[in-house]
Each structure stands twice: as C-alpha cells, then as structure tokens.
Amino acid sequence: MRQTTSILFFARKTTKLKNGESPIFVRITIDGQRLDISLKRSIDAKFWDSSKGKCKGNSLKTKENNRYIHYMEEKLLKIISDLEIQEELCCKNVKACLNHENEDLSIISIFQRHNERCEKRIGIDMAEGTLERYRTCLKHTLDFIKTQYNLKDLPLTKINHQFITDFEHYFRTERKCSTNTTFKYLKNFKKITNWALANEWMRSDPFAKIKFKMEKVDKEFLDDEELNKLMVKDFDIKRLEIIKDLYLFCCFTGLAFSDVKSLSQDHIVKGIDGKSWIKSKRQKTKVEFEIPIFEIPKAILAKYKDDPICKIQKKLLPVPSNQKMNAYLKEIADLCGINKNLSTHSARHTFATTVTLGNNLNIKAISKMMGHTNTRMTENYARASEKLISNEMSKIQGMYQYV
C-alpha cells in the first residue's frame with residue numbers, strides 16, 4: 001500500500017537566532033509521522049514566503065538559501081523514492097540516509113575525486129602542469145588539516161570563511177609563501193569549492209567575502225651579458241649541460257616548459273620562407289603559435305637528435321620534470337655568477353624582453369610567436385630594457401641644442 005508523504009520548508013518565526021533571523025527547517029511527514037530537520041540556514045522572517053516555501057527577494061543570501069532548499073528537496077525526493085522501493089520508508093530511515101550522505105562528503109575526498117577526473121583529461125583539454133598544481137595544492141591541504149586540526153580530512157560543512165583565512169595564514173607563515181604564491185594556491189582550492197557548490201554539496205561559498213589582490217612583480221629575465229655568459233659556459237656534469245641547452249632553447253624560441261616538453265617531430269614544419277618552423281598549440285591555452293627555428297635552437301635540436309631518452313619518448317628534447325629543471329637552474333646560475341632566481345619561465349621572459357623586443361622586433365610578431373591572443377598579454381613579458389631605452393633615445397640625439 002502506497003504511503004502518504006509530504007515535504008514542507010518553513011521558517012520558524014517564533015525562534016530568533018543571535019543574528020535576529022529565523023532558522024529554516026524542512027518537515028517530512030510520512031503516514032502522519034513528522035520529522036523536522038534544520039537546514040542550518042536562517043532568514044529575516046519578513047523575507048520568507050510561506051505559500052511557496054522559500055525566501056523572497058533578490059539578495060545573495062536569498063539566492064543561496066533557495067538554491068540549497070531546491071537541492072534538499074531533490075535529495076529528499078530521491079531518498080524517499082529509494083526507501084519506498086525497498087519498503088523501508090519511515091522518518092527514522094530518511095534521517096539516517098541524510099546523515100550518511102553528509103558524512104561521506106569531505107574536502108579531501110572531493111579534492112581527490114576532482115584530481116582523478118583531471119588526470120583522465122590530460123592530453124585532451126588539460127596540461128600535465130595544471131594537474132601537478134592541483135596535486136601540490138591537495139598535498140598542502142592535507143598538511144594544513146593535519147597541522148590545524150590534527151585530522152586527515154574535514155567534512156565540507158567545516159570549510160567556511162574561517163577555514164580559508166586560516167589556510168591563507170598557514171601559507172604565509174608555515175610555508176613562507178609570497179602573497180602571489182599564496183593566492184595561486186587559494187585560487188586552485190577555490191576551484192574545488194566551486195565544484196562542490198555547483199554540485200550543491202556545500203551550503204555556502206567560503207570565499208564569498210574574500211578578494212584576491214595579486215602583487216605586481218617584475219619577473220626575472222637575462223640581459224644580453226648574462227645570456228652570453230650562460231652560452232659560453234661549459235659544464236662537465238651532463239645533467240647541467242642538458243638543462244643549460246634546454247633553457248637556451250626556450251630563451252631563443254619563447255616556448256613555455258609544457259610546450260618544449262611535448263615538442264615532437266610533428267611540430268616541425270616548413271615555413272613560408274622554406275625554412276624549418278615550430279608550429280603547434282600551447283598546452284595551457286590551446287592558442288596556436290609559430291616560431292622560426294634559427295641557428296641556436298637548430299643546433300640544440302641537432303645535438304639531441306640521437307639522445308636515447310628522446311627516442312624512447314618520441315620527443316625532440318630530453319626534458320625532465322619542471323621541479324628538477326628549476327632546481328638545476330639555480331645551480332647553473334651560481335656557477336655562472338648570475339645573481340638571479342632562474343626558472344623555466346624566466347626563459348620565456350628573456351625571449352620576450354632581451355632576444356626579441358630588445359632587438360626591435362615587432363610586438364605583434366612577438367605576440368604570435370608566444371601564442372598570445374593579444375599584444376597586451378605580450379607586454380606583461382616584454383619590458384623595456386636599458387638597451388632598448390638607450391637605442392630609442394639615441395634617435396633624438398642631436399635633435400635639440402641648448403644655447
């Protein structure tokens with residue numbers, strides 16, 4: 001015999017919380033038995049629409065409350081339907097099912113599930129480097145929860161504004177991260193909470209009142225003197241010689257780490273001038289780029305033509321992990337007497353600032369080679385060096401005279 005059930009959302013107007021608002025409940029009635037469950041949400045009583053069982057108005061809080069009410073209604077309807085099929089429908093079992101679902105939803109399990117999904121998209125619409133950033137962020141999240149709460153995981157209900165501000169403090173103090181690095185990690189974490197919000201696994205956005213403000217930083221690049229110093233330096237240690245060549249290849253092509261790592265013979269084409277060009281799409285943005293291969297990168301490609309690692313991987317260059325390459329670059333900078341924090345990305349800045357703009361190449365051509373969609377993006381890489389300023393100012397030398 002089919003049981004009679006009903007679901008009613010209401011604001012308990014006779015109860016006032018500390019914030020002066022009324023708590024929102026859902027009442028499940030099954031064959032006359034009632035079960036009231038708090039949604040752990042509240043609303044000013046004057047914004048509650050009793051006839052529709054939801055909040056009224058256009059405020060952010062109203063929208064979030066109504067979204068969660070809709071989510072709870074869908075969840076309860078499914079639980080009731082499943083229990084009815086199993087002939088186990090009663091208020092006690094509905095409550096047990098709700099509690100069980102809430103226990104299963106935790107930040108680490110959601111984060112791991114997200115990363116597993118990303119892993120399957122590598123080579124389709126996601127780069128390996130993007131996944132690696134999520135993995136690193138997950139590791140930091142695990143470490144933070146262990147440090148802050150002495151736990152291995154936390155339910156999503158505990159991921160609130162306080163959690164985010166404590167997480168930021170952890171990056172700045174325990175991890176000694178800069179402002180920009182801290183915000184990059186938090187932006188990655190925000191993608192996980194946004195995913196949870198979109199799936200209605202979370203009731204509210206923990207980032208709702210948090211704004212990111214990145215500090216403007218002048219990125220490191222090599223000037224002509226430093227670039228020549230690196231080019232003439234010979235290394236007896238093979239791994240350092242390889243990293244030097246890879247870095248120089250990026251300096252003279254503008255390729256980002258992920259693009260040079262994936263470089264294969266398929267990306268080498270004959271250009272309009274009859275010479276060899278690199279033509280591909282950026283791993284990060286999927287924007288096309290075209291780069292002529294002149295003497296230096298051509299010589300580096302020839303040097304590693306028969307490298308065993310290249311043959312096994314079917315790539316043109318023996319590129320290690322980004323982490324290893326950055327570590328070796330610091331060693332190389334010390335040995336060359338270059339007092340700069342070299343990284344794989346500084347080679348891209350060197351290409352834009354010293355190799356191309358510093359030699360008066362057209363900004364639109366630089367933009368196309370770097371795979372940028374507009375020259376504004378390129379200007380973030382290509383900055384006016386002292387050499388460029390000197391060359392430009394020499395054009396007006398002698399044009400004015402002081403009498």
# chains A, B, ... in the order shown; residues from 1 in each chain; ligands from 1
call {"tool": "select_by_dssp", "arguments": {"residues": "range 37-127 of chain A", "states": "strand (DSSP E)", "output": "count of residues only"}}
result
11
call {"tool": "closest_residue", "arguments": {"among": "A:Asp234, A:Glu64, A:Asp205, A:Asp82", "to": "Ile159 in chain A", "atoms": "only C-alpha atoms"}}
result
A:Asp205
call {"tool": "residues_around", "arguments": {"residues": "range 26-33 of chain A", "least_positions_apart": "4", "cutoff": "10 Å", "atoms": "only C-alpha atoms", "output": "ChimeraX atom specification"}}
result
/A:2-11,37-39,53,69,72-73,76,80,89-92,94-95
call {"tool": "residues_around", "arguments": {"residues": "range 122-138 of chain A", "least_positions_apart": "3", "cutoff": "7 Å", "atoms": "only C-alpha atoms", "output": "PyMOL selection string"}}
result
chain A and resi 111+115+118-119+141-142+185+188-189+258+283-284
call {"tool": "residues_around", "arguments": {"residues": "Asp224 in chain A", "least_positions_apart": "4", "cutoff": "10 Å", "atoms": "only C-alpha atoms", "output": "number ranges by chain"}}
result
A: 228-230, 350, 354-355, 358, 387
call {"tool": "write_last_selection", "arguments": {"atoms": "C-alpha atoms", "output": "PDB file, in the first residue's frame"}}
result
ATOM      1  CA  ASN A 228      76.155  35.343 -23.393  1.00  0.00           C
ATOM      2  CA  LYS A 229      77.767  34.305 -20.107  1.00  0.00           C
ATOM      3  CA  LEU A 230      75.465  31.265 -19.995  1.00  0.00           C
ATOM      4  CA  THR A 350      64.179  36.501 -21.676  1.00  0.00           C
ATOM      5  CA  THR A 354      66.051  40.582 -24.448  1.00  0.00           C
ATOM      6  CA  VAL A 355      66.006  38.421 -27.581  1.00  0.00           C
ATOM      7  CA  GLY A 358      65.492  44.226 -27.209  1.00  0.00           C
ATOM      8  CA  LYS A 387      69.412  48.687 -24.015  1.00  0.00           C
TER       9      LYS A 387
END
call {"tool": "residues_around", "arguments": {"residues": "Lys279 in chain A", "least_positions_apart": "5", "cutoff": "10 Å", "atoms": "only C-alpha atoms", "output": "PyMOL selection string"}}
result
chain A and resi 263+266-271+288-292+369
call {"tool": "write_last_selection", "arguments": {"atoms": "N, CA and C atoms", "output": "PDB file, in the first residue's frame"}}
result
ATOM      1  N   LEU A 263      57.287  18.794 -27.255  1.00  0.00           N
ATOM      2  CA  LEU A 263      57.741  19.050 -28.627  1.00  0.00           C
ATOM      3  C   LEU A 263      58.176  17.759 -29.327  1.00  0.00           C
ATOM      4  N   ASP A 266      56.426  16.075 -35.169  1.00  0.00           N
ATOM      5  CA  ASP A 266      55.169  16.502 -35.801  1.00  0.00           C
ATOM      6  C   ASP A 266      54.993  18.012 -35.768  1.00  0.00           C
ATOM      7  N   HIS A 267      55.677  18.671 -34.828  1.00  0.00           N
ATOM      8  CA  HIS A 267      55.535  20.118 -34.678  1.00  0.00           C
ATOM      9  C   HIS A 267      56.507  20.908 -35.556  1.00  0.00           C
ATOM     10  N   ILE A 268      57.406  20.218 -36.249  1.00  0.00           N
ATOM     11  CA  ILE A 268      58.364  20.890 -37.136  1.00  0.00           C
ATOM     12  C   ILE A 268      57.812  20.893 -38.559  1.00  0.00           C
ATOM     13  N   VAL A 269      57.616  22.086 -39.104  1.00  0.00           N
ATOM     14  CA  VAL A 269      57.043  22.223 -40.448  1.00  0.00           C
ATOM     15  C   VAL A 269      57.903  23.173 -41.276  1.00  0.00           C
ATOM     16  N   LYS A 270      57.667  23.169 -42.583  1.00  0.00           N
ATOM     17  CA  LYS A 270      58.367  24.097 -43.465  1.00  0.00           C
ATOM     18  C   LYS A 270      57.558  25.388 -43.545  1.00  0.00           C
ATOM     19  N   GLY A 271      58.226  26.501 -43.241  1.00  0.00           N
ATOM     20  CA  GLY A 271      57.546  27.788 -43.211  1.00  0.00           C
ATOM     21  C   GLY A 271      57.454  28.436 -44.573  1.00  0.00           C
ATOM     22  N   GLU A 288      47.272  28.810 -31.036  1.00  0.00           N
ATOM     23  CA  GLU A 288      48.332  28.459 -31.989  1.00  0.00           C
ATOM     24  C   GLU A 288      49.517  29.419 -31.896  1.00  0.00           C
ATOM     25  N   PHE A 289      50.706  28.868 -32.122  1.00  0.00           N
ATOM     26  CA  PHE A 289      51.900  29.704 -32.204  1.00  0.00           C
ATOM     27  C   PHE A 289      52.791  29.203 -33.329  1.00  0.00           C
ATOM     28  N   GLU A 290      53.608  30.098 -33.887  1.00  0.00           N
ATOM     29  CA  GLU A 290      54.540  29.763 -34.967  1.00  0.00           C
ATOM     30  C   GLU A 290      55.877  30.437 -34.674  1.00  0.00           C
ATOM     31  N   ILE A 291      56.957  29.650 -34.717  1.00  0.00           N
ATOM     32  CA  ILE A 291      58.278  30.191 -34.400  1.00  0.00           C
ATOM     33  C   ILE A 291      59.306  29.694 -35.415  1.00  0.00           C
ATOM     34  N   PRO A 292      60.008  30.587 -36.098  1.00  0.00           N
ATOM     35  CA  PRO A 292      61.091  30.148 -36.994  1.00  0.00           C
ATOM     36  C   PRO A 292      62.252  29.594 -36.161  1.00  0.00           C
ATOM     37  N   MET A 369      54.405  34.606 -31.937  1.00  0.00           N
ATOM     38  CA  MET A 369      55.362  33.547 -31.618  1.00  0.00           C
ATOM     39  C   MET A 369      55.120  32.982 -30.218  1.00  0.00           C
TER      40      MET A 369
END
call {"tool": "closest_residue", "arguments": {"among": "A:Lys340, A:Lys209, A:Lys219, A:Lys286", "to": "Leu60 in chain A", "atoms": "only C-alpha atoms"}}
result
A:Lys209
call {"tool": "decode", "arguments": {"residues": "range 285-317 of chain A", "atoms": "N, CA and C atoms", "output": "compact mmCIF listing (two decimals), in the first residue's frame"}}
result
# COMPACT_ATOMS: atom_id res chain seq x y z
N THR A 285 46.76 27.06 -23.17
CA THR A 285 45.61 27.82 -23.68
C THR A 285 45.04 27.29 -24.98
N LYS A 286 45.76 26.38 -25.63
CA LYS A 286 45.36 25.83 -26.94
C LYS A 286 45.38 26.88 -28.04
N VAL A 287 46.10 27.98 -27.82
CA VAL A 287 46.25 29.02 -28.84
C VAL A 287 47.44 28.66 -29.73
N GLU A 288 47.27 28.81 -31.04
CA GLU A 288 48.33 28.46 -31.99
C GLU A 288 49.52 29.42 -31.90
N PHE A 289 50.71 28.87 -32.12
CA PHE A 289 51.90 29.70 -32.20
C PHE A 289 52.79 29.20 -33.33
N GLU A 290 53.61 30.10 -33.89
CA GLU A 290 54.54 29.76 -34.97
C GLU A 290 55.88 30.44 -34.67
N ILE A 291 56.96 29.65 -34.72
CA ILE A 291 58.28 30.19 -34.40
C ILE A 291 59.31 29.69 -35.41
N PRO A 292 60.01 30.59 -36.10
CA PRO A 292 61.09 30.15 -36.99
C PRO A 292 62.25 29.59 -36.16
N ILE A 293 62.86 28.52 -36.63
CA ILE A 293 63.99 27.93 -35.91
C ILE A 293 65.29 28.45 -36.52
N PHE A 294 65.97 29.36 -35.80
CA PHE A 294 67.23 29.85 -36.35
C PHE A 294 68.41 29.09 -35.73
N GLU A 295 69.63 29.57 -35.89
CA GLU A 295 70.84 28.79 -35.65
C GLU A 295 70.93 28.12 -34.27
N ILE A 296 70.73 28.88 -33.22
CA ILE A 296 70.96 28.33 -31.88
C ILE A 296 69.98 27.21 -31.53
N PRO A 297 68.66 27.41 -31.60
CA PRO A 297 67.75 26.29 -31.32
C PRO A 297 67.92 25.13 -32.30
N LYS A 298 68.30 25.45 -33.56
CA LYS A 298 68.53 24.41 -34.56
C LYS A 298 69.71 23.52 -34.15
N ALA A 299 70.77 24.15 -33.63
CA ALA A 299 71.95 23.41 -33.19
C ALA A 299 71.63 22.54 -31.98
N ILE A 300 70.79 23.06 -31.08
CA ILE A 300 70.41 22.29 -29.88
C ILE A 300 69.57 21.08 -30.26
N LEU A 301 68.66 21.25 -31.20
CA LEU A 301 67.85 20.11 -31.67
C LEU A 301 68.74 19.03 -32.30
N ALA A 302 69.71 19.48 -33.08
CA ALA A 302 70.63 18.53 -33.73
C ALA A 302 71.46 17.77 -32.70
N LYS A 303 71.83 18.47 -31.64
CA LYS A 303 72.67 17.87 -30.58
C LYS A 303 71.98 16.68 -29.91
N TYR A 304 70.66 16.75 -29.79
CA TYR A 304 69.92 15.70 -29.08
C TYR A 304 69.11 14.79 -30.03
N LYS A 305 69.46 14.86 -31.28
CA LYS A 305 68.74 14.06 -32.28
C LYS A 305 68.77 12.57 -31.97
N ASP A 306 69.93 12.08 -31.51
CA ASP A 306 70.08 10.65 -31.24
C ASP A 306 70.07 10.32 -29.75
N ASP A 307 69.60 11.24 -28.93
CA ASP A 307 69.54 11.00 -27.49
C ASP A 307 68.59 9.83 -27.20
N PRO A 308 69.01 8.85 -26.38
CA PRO A 308 68.17 7.68 -26.11
C PRO A 308 66.84 8.01 -25.45
N ILE A 309 66.85 9.01 -24.56
CA ILE A 309 65.59 9.40 -23.89
C ILE A 309 64.61 9.97 -24.91
N CYS A 310 65.13 10.79 -25.84
CA CYS A 310 64.28 11.37 -26.88
C CYS A 310 63.67 10.27 -27.75
N LYS A 311 64.46 9.26 -28.06
CA LYS A 311 63.97 8.17 -28.91
C LYS A 311 62.88 7.37 -28.21
N ILE A 312 63.07 7.12 -26.92
CA ILE A 312 62.08 6.36 -26.15
C ILE A 312 60.77 7.14 -26.03
N GLN A 313 60.90 8.43 -25.72
CA GLN A 313 59.71 9.26 -25.50
C GLN A 313 59.13 9.83 -26.80
N LYS A 314 59.88 9.68 -27.91
CA LYS A 314 59.48 10.21 -29.21
C LYS A 314 59.30 11.73 -29.14
N LYS A 315 60.26 12.37 -28.45
CA LYS A 315 60.28 13.83 -28.33
C LYS A 315 61.60 14.35 -28.86
N LEU A 316 61.66 15.66 -29.11
CA LEU A 316 62.87 16.25 -29.69
C LEU A 316 63.93 16.61 -28.66
N LEU A 317 63.52 16.75 -27.40
CA LEU A 317 64.47 17.15 -26.36
C LEU A 317 64.24 16.34 -25.08
